[in-house]
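What follows is a set of notes on a single structure, which appears directly below.
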Amino acid sequence: MAAMTMVQAINSALDICLTRDPDVVIFGEDVGYFGGVFRCTEGLQRKHGRTRTFDTPIAEGGILAVAVGMGAYGLRPVVEIQFADYIYPATDQLISEAARLRHRSGGEFSAPITVRTPCGGGIYGGQTHSQSPEAIFTHVCGIKTVMPSNPYDAKGLLISAIEDDDPVIFFEPKRLYNGPFDGHHNRPVTSWTNHPLGEVPAEYYRVELGKASTARQGSTVTVLAYGTMVHVALAAVEESGVDAEILDLRTLVPLDLDAIVESVRKTGRCVIVHEATLTGGFGAELAALVQEHCFYSLYAPILRVAGWDTPYPHALEWSYFPGPARVADALRQVMEAS
Amino acid sequence: MAAMTMVQAINSALDICLTRDPDVVIFGEDVGYFGGVFRCTEGLQRKHGRTRTFDTPIAEGGILAVAVGMGAYGLRPVVEIQFADYIYPATDQLISEAARLRHRSGGEFSAPITVRTPCGGGIYGGQTHSQSPEAIFTHVCGIKTVMPSNPYDAKGLLISAIEDDDPVIFFEPKRLYNGPFDGHHNRPVTSWTNHPLGEVPAEYYRVELGKASTARQGSTVTVLAYGTMVHVALAAVEESGVDAEILDLRTLVPLDLDAIVESVRKTGRCVIVHEATLTGGFGAELAALVQEHCFYSLYAPILRVAGWDTPYPHALEWSYFPGPARVADALRQVMEAS
Amino acid sequence: MKNEPLPQLHIPEPLHRPGDRPDFGYLNIPEPADTACPDPLVRPSEIRDLAFSLIRVLDADGIATGAWNPKLLPELLRRALAAILLTRAYDDRMYRGQRQGKTSFYMKCTGEEAIAVGQAFALSRDDMLFPTYRQQGLLIARDWSLVDMMCQVYSNSRDRLKGRQMPVFYSSKEAGFFSISGNLGTQFSQAVGWAMAAAYKHDNRIAAAWIGEGATAEPDFHHALTFASIFKAPVILNVVNNQWAISSFSGIAGAEQTTFAARALGFGIPALRVDGNDLLAVYAVTRWAADRARSNGGPTLIELFSYRADAHSSSDDPSKYRPKGEADIWPLGDPMLRLKQHLIRLGEWSEARHSVAEAEATERVRAADREAQSYGTLSDGPGHSPGTMFEDVFKEMPLHLRRQRQQAGY
Amino acid sequence: MKNEPLPQLHIPEPLHRPGDRPDFGYLNIPEPADTACPDPLVRPSEIRDLAFSLIRVLDADGIATGAWNPKLLPELLRRALAAILLTRAYDDRMYRGQRQGKTSFYMKCTGEEAIAVGQAFALSRDDMLFPTYRQQGLLIARDWSLVDMMCQVYSNSRDRLKGRQMPVFYSSKEAGFFSISGNLGTQFSQAVGWAMAAAYKHDNRIAAAWIGEGATAEPDFHHALTFASIFKAPVILNVVNNQWAISSFSGIAGAEQTTFAARALGFGIPALRVDGNDLLAVYAVTRWAADRARSNGGPTLIELFSYRADAHSSSDDPSKYRPKGEADIWPLGDPMLRLKQHLIRLGEWSEARHSVAEAEATERVRAADREAQSYGTLSDGPGHSPGTMFEDVFKEMPLHLRRQRQQAGY
Ligand SMILES: Cc1ncc(C[n+]2csc(CCOP(=O)(O)OP(=O)(O)O)c2C)c(N)n1
Ligand SMILES: Cc1ncc(C[n+]2csc(CCOP(=O)(O)OP(=O)(O)O)c2C)c(N)n1
Ligand SMILES: [Mg+2]
Ligand SMILES: [Mg+2]
């Protein structure tokens, strides 16, 4: 075990996969010699060689296309999209191709691709370096969608994603790269050192896709969150004093519905939190499922706390960000409902 | 008034807009001389001239980019994406550009673009000629999303969309182009002639964006539907004998939430129907909103009837399609719930 | 500048529309002897002119001549002719099957058969193909089972794609034939990825991809050229310029300005432009590009100049947008007739043998069709069970899909 | 072929990395006299060689010479030099502002100033500009308010973009300067749409767009060339090749194979390749392309060959991936010094006047900064009210946004 940041945990997962499987190749913009703008691939080219971790032209659609072709050959490509905001040029290759290939070829061809991409705000990135577009992909059958909230999960989930034979989009909340950020942007930055989930085994291990974890046990309301919002929810619980159970979903598709239903049936209340814009966000799917499966257990409407339906603004990003105060408000509101 | 198919109604709207506004230009693949693969632009080039309705290269992203640039100039481009399944190469220009331009430029530049695109299945188009990707765009702030269910609305909504100063995606359920299809694919095809909403004024009129209409009044359950599913819902009501109120949403963003809430508060039950895949579909947003706003009026869980979470299969399309039987089942199920 | 002309938006328009008398007099068609054949490892900058030429081998009399003559054995030529005849017979039968309602849709490659067939013969059997919907000739030239292809078209119980794909969207790993996509262009850049993987593995198989001239406007075309050139991928990038993209003439794809082969010049990729109705020329350029790719020379772009002699698909009626009879006066002729004429000139073929071969092709197709229909058709079944729709979305069916399948009653 | 070499995946690598001694000896730099200047309405096929040349006007001694000499009046040259000095002073001050925490981010254009400034002078004031983030010189050369630009960088109360955009993503309709996007490349094809609209309206304004050599790999580049060539759009398409795209050298964008100007050849678009550090040459090619566009001659692609002398942005540290001192030995020199030298050679400038001009630029920037900061900075405010975030998503605020704004407390 060693204290690792999320960047280091991701780097460790990539290093291990390159070492164990000669079919793993890593590519993307600036990931080669330089090691990535967030340093997640640092040192990998030097250690594993130029053809195994290399820079690509600036063409996200080309990166995905090449990954699909390599997957058809039998490789296991792990690509980086420099910011999730730049995944749109790749949507056709992702949605029409990677996600559909196994089905349309009767199972003969597949696209065992992992797409790593930093998402979320909180670094003054403005509207084009802050988005969380996970809901666009959770709607697409044939793609798995993952978003870890801590170094331990990041490493274990990333190894699982790379070893998975289906395409996986692996969202990395960039605001968590170097510390467990709870939304209090005015407080001193905390680091992963000393955080229990910043303790990461150096060796190979997996965290299974499709399984939520309980970030906090509680009895009166279930909070469904993922990525940065897990830490925000923890802060909100602290501040509101509401004894909430917080589920860290970790994988959105396939979803750990049973864990969700079990918790909400127990607590009778549910608050859903995500950083992406509200309308049509993944929270909508969660709310639809929860009301369907837990209808008779619910004491109060399910509330969603999310980014406003606006672009992520540069200077005003903390007004956009669904911080602990907004989550705490929602917790109080569901507790007050009769 | 004249009997019009949906194709004719759309053609009439385009013709009127070209006539009234010299800044309207129409372009897309095969829309010029030929008049479009679904014939919606037939005769427009001959009547209005080559530079006003013209063919483009096969590049959906290029089409949208050019439309954004034209919009910035001051034109009002109306573009056709030949099938909604081919909108993905245009997502970056749609999401990152058209939808964001007004906001990011402090209101100085805008993209008053209308994107017409045929959606939905039922013509043995297989997975790449049958999709309904509306949920990908309803999640994107800054875009309006419209889907008419009949010729009268199609014309009035299309004129409103073209005159709207924001980007609008206008989904045309291709299975409705020539008749009000209720999902009974084995029965004889019916035409728009004699359908009350196949009666369309020849002249200019608007149907306001953002307003639902009541396709059927009823008392015990509210069905939320749009596009082809409005007719499927009508058939299902017929067959189940359930006295449902059917709302034809017509515009998904901005949504007529008040009409929805009013109806569900009255009926106490809600079934949502769409053709797109279930998970993360627009039905999720509707369910989330309905449970939030009508929680205390609901007798039963809100049910969603939608396409399965699979690609739209060619030969098995009627097993995928959420037809009247499945909708009727859901109606019965919500009625049985205590 | 003074007295500038009024700015105008230029909208390309074909020379001839329905009602006009078609005429290809404006085409400049060089003779086989006009074009030199460089070494396959030549520097691309030395052969830029080939992008504006037209490589040909068969002259007007059916004699093979010039520097590009691949000097093929008559036996191979006869096999190629047989594959062309079979492709044509197959297209005719399947098209009629669609008209009879046995399937929903069909696409012919009439007039373009020499492309897929000639290229299949020039490649190794284990090279990987990334086709569009108009290269059925690749499968046929690789002796792939007609019955298997028909079962896909009929979406029947033996359709390996389980009724999921539209007709003609074949896929066969065993045949080295990548799953055809409905989304134009996507295969072009994927092929480059496959080729990069092969190079990464020091595997000397190469990839070949096809795209229509219309679809070159898609991003995948740009990505293919970009990645192939930068990473020197062993891939052959083929643009089939059949003059039409549904109702849009090639000018809507850029043909008024320059050739499609010229697109390669911007990437330092060698460009060959070839008479696509001349099987020998098609073979020769493909072989050249394959040799180059296998020698670490990287990609080649080939423009195959041809004509879509029939409708775009069974849903299309070309008389709405182009003059009747264009195909008949297409100056590069019919690829089948040209190859036949050549073999006869060589003394290796005769009208009599040709009639027999034609009848054989028709009969093979008829027999295959009988067998395929015995496994079902789209209209009459049997097809795959609806429950199969839930399979292969993921490798293992996740819980939500298992529940949906159950809900659907399977 | 026998004895084929083992297939290899080629990964481009720059000649020099940190620790190496940089050396640009491999660059082939022609003299101004080497390049002919064709008529602006020349057929593109006649000037393909210009895509592989390098148009220059200023020789090593600062003398303007050759066929492309635009013969500019000294007064214009002095104004251009002033704009370059102002751009440099502006960059320095804003960069320091970022380092002092007054804003979150900044991007300099050091070493590339002659491009934006030279091109702005060659265009008409009402031509429409579609820039990237490294053409602040366009605004400055158009005498746009420095204070207005700074307010955007500081996201303060006078920021017309209301704190929504990252610093340097300027937008000004009045300045004919399109809203800069964070998504690389998108402006390139949009400019073509704007130009098509102008042609549609018989309006003789033209559009000009910029893209980095790295971003040419994006689809928008392909779309721009495709649509511009097919519809003969009156647009100037500029590729700024500054050798680097963050940490990736130009070989990762294709520079090992050919020039970026050559991309135009595949579309029958004239290609000019120019010394981007030579303001006179930049002016001349831009004027040529503008004349062509305004005469219905359609688009021109210009590659501006330059060097990114500083970091990619305030978040970047180039010493991690390239040798120190490359900028100092860049063989095309510093654009400011070259223009200064030229003016001195002409007898129209002196070291003394230059010092005064530099001091003036610094002082203008300082004064503007004082004013801008009086309207606020990112760190200290005041900025716009959070309630403004909900505006301009749509022209009229729909109900759900009004409700959200209310919920947010505004
Ligand atoms: C992304 C995408 N856009 C549009 C279409 C609709 N479409 C199918 S075929 C076709 C024309 C293609 O022409 P071309 O590339 O020249 O190939 P050809 O049919 O001539 O072989 C079009 C526009 C599609 N399938 N995919
Ligand atoms: C679509 C997209 N992909 C990636 C990025 C991240 N990014 C920002 S600048 C840059 C490098 C651009 O290099 P180049 O085009 O050469 O322009 P330069 O910075 O040299 O002026 C990258 C990769 C982006 N902004 N947009
Ligand atoms: Mg074609
Ligand atoms: Mg650059």
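To be explicit about the labels: the chains of the structure tokens are called A, B, and onward in the order shown, and within each one the residues are counted from 1, while ligands get numbers from 1 in the order they are shown.
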
**OP:** Up to 9 Å from chain D, what residues of chain B turn up? Count only C-alpha atoms and give them as a VMD selection string.
**Re:** chain B and resid 23 51 to 52 56 to 57 59 61 to 75 92 to 93 96 to 97 99 to 110 141 to 144 164 to 167 210 254 to 257

Filtering to C-alpha atoms, could you give me those residues as a tab-separated table (two decimals), in the first residue's frame?
```
chain	number	residue	atom	x	y	z
B	23	ASP	CA	-32.65	35.18	-45.36
B	51	THR	CA	-28.84	29.27	-54.07
B	52	ARG	CA	-31.85	29.00	-51.78
B	56	THR	CA	-24.30	19.76	-49.88
B	57	PRO	CA	-21.40	17.36	-49.61
B	59	ALA	CA	-20.71	15.91	-44.15
B	61	GLY	CA	-20.64	18.33	-39.33
B	62	GLY	CA	-19.83	20.57	-42.24
B	63	ILE	CA	-23.50	21.28	-42.84
B	64	LEU	CA	-23.95	22.42	-39.26
B	65	ALA	CA	-20.74	24.43	-39.25
B	66	VAL	CA	-21.76	26.27	-42.38
B	67	ALA	CA	-25.16	26.89	-40.85
B	68	VAL	CA	-23.55	28.39	-37.74
B	69	GLY	CA	-21.44	30.68	-39.89
B	70	MET	CA	-24.44	31.71	-41.95
B	71	GLY	CA	-26.38	32.34	-38.77
B	72	ALA	CA	-23.58	34.58	-37.53
B	73	TYR	CA	-23.84	36.48	-40.80
B	74	GLY	CA	-27.56	36.99	-40.30
B	75	LEU	CA	-29.15	34.27	-42.40
B	92	ASP	CA	-19.73	19.03	-31.86
B	93	GLN	CA	-21.01	21.89	-34.02
B	96	SER	CA	-20.33	23.10	-28.55
B	97	GLU	CA	-21.20	25.77	-31.07
B	99	ALA	CA	-26.16	25.76	-28.63
B	100	ARG	CA	-23.52	27.87	-26.88
B	101	LEU	CA	-22.93	30.75	-29.23
B	102	ARG	CA	-25.42	33.23	-27.85
B	103	HIS	CA	-24.36	32.63	-24.27
B	104	ARG	CA	-20.63	32.67	-24.81
B	105	SER	CA	-20.72	35.82	-26.94
B	106	GLY	CA	-22.74	37.72	-24.38
B	107	GLY	CA	-25.68	37.72	-26.75
B	108	GLU	CA	-23.85	39.22	-29.74
B	109	PHE	CA	-23.81	36.22	-32.01
B	110	SER	CA	-26.52	33.63	-32.37
B	141	CYS	CA	-28.80	23.66	-22.83
B	142	GLY	CA	-29.32	26.17	-25.59
B	143	ILE	CA	-31.08	23.91	-28.08
B	144	LYS	CA	-34.82	23.55	-28.48
B	164	ASP	CA	-37.17	31.15	-33.71
B	165	ASP	CA	-33.89	32.90	-32.99
B	166	ASP	CA	-32.40	29.91	-31.21
B	167	PRO	CA	-31.23	26.61	-32.69
B	210	GLY	CA	-43.21	24.92	-25.83
B	254	PRO	CA	-38.75	23.99	-23.55
B	255	LEU	CA	-41.22	21.61	-21.99
B	256	ASP	CA	-44.82	22.40	-21.17
B	257	LEU	CA	-44.39	21.24	-17.61
```

**OP:** Name the residues, by chain letter and number, that sit within 9 Å of ligand 3 using only C-alpha atoms and all ligand atoms, and give them as a list in words.
**Re:** Ile211, Gly212, Glu213, Gly214, Ala215, Val239, Val240, Asn241, Asn242, Gln243, Trp244, Ala245, Ile246, Ser248, Phe249, Ser250, Tyr307, Arg308 and His312 of chain C

Original post:
For chain B, which residue out of A:Ala288, A:Val200, A:Val271, A:Met335 is the nearest one, using only C-alpha atoms?
Top reply: A:Ala288

Subject >> For chain B, the nearest of the candidates A:His129, A:Lys155, A:His184, A:Lys47, counting only C-alpha atoms >> reply: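 Answer, going by the shortest atom-to-atom distance: A:His129.
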
Original post:
Which neighbours of Ala300 in chain B fall inside 12 Å, counting only C-alpha atoms, when residues of the same chain fewer than 2 positions from it are skipped, and could you give them as a VMD selection string?
Top reply: (chain A and resid 291 to 298) or (chain B and resid 220 to 222 264 267 to 271 290 to 291 294 to 298 302 to 303 330 to 338)

Write out as a CSV table (one decimal) with N, CA and C atoms, in the first residue's frame which residues come within 6 Å of range 326-339 of chain C when counting only C-alpha atoms, dropping same-chain ones fewer than 3 positions away.
```csv
chain,number,residue,atom,x,y,z
C,22,PRO,N,-27.3,12.9,-72.7
C,22,PRO,CA,-26.0,12.8,-71.9
C,22,PRO,C,-24.8,12.8,-72.9
C,111,GLY,N,-21.7,-2.2,-62.9
C,111,GLY,CA,-20.8,-1.3,-63.6
C,111,GLY,C,-19.5,-1.1,-62.8
C,114,ALA,N,-15.5,-4.6,-61.5
C,114,ALA,CA,-14.1,-4.9,-61.7
C,114,ALA,C,-13.3,-4.4,-60.5
C,277,ASN,N,-13.0,0.5,-64.5
C,277,ASN,CA,-13.7,-0.5,-65.3
C,277,ASN,C,-12.7,-1.3,-66.1
C,278,ASP,N,-11.4,-1.2,-65.7
C,278,ASP,CA,-10.4,-2.0,-66.4
C,278,ASP,C,-9.8,-2.9,-65.3
C,309,ALA,N,-23.9,2.4,-62.7
C,309,ALA,CA,-24.7,2.2,-63.8
C,309,ALA,C,-26.2,2.0,-63.5
C,342,HIS,N,-10.9,-8.8,-73.8
C,342,HIS,CA,-9.5,-9.0,-73.6
C,342,HIS,C,-9.1,-10.4,-73.7
```

**OP:** Point out the residue among D:Ala207, D:Leu265, D:Leu304, D:Ala141 with the least atom-to-atom distance to ligand 2, counting only C-alpha atoms and all ligand atoms.
**Re:** D:Leu304
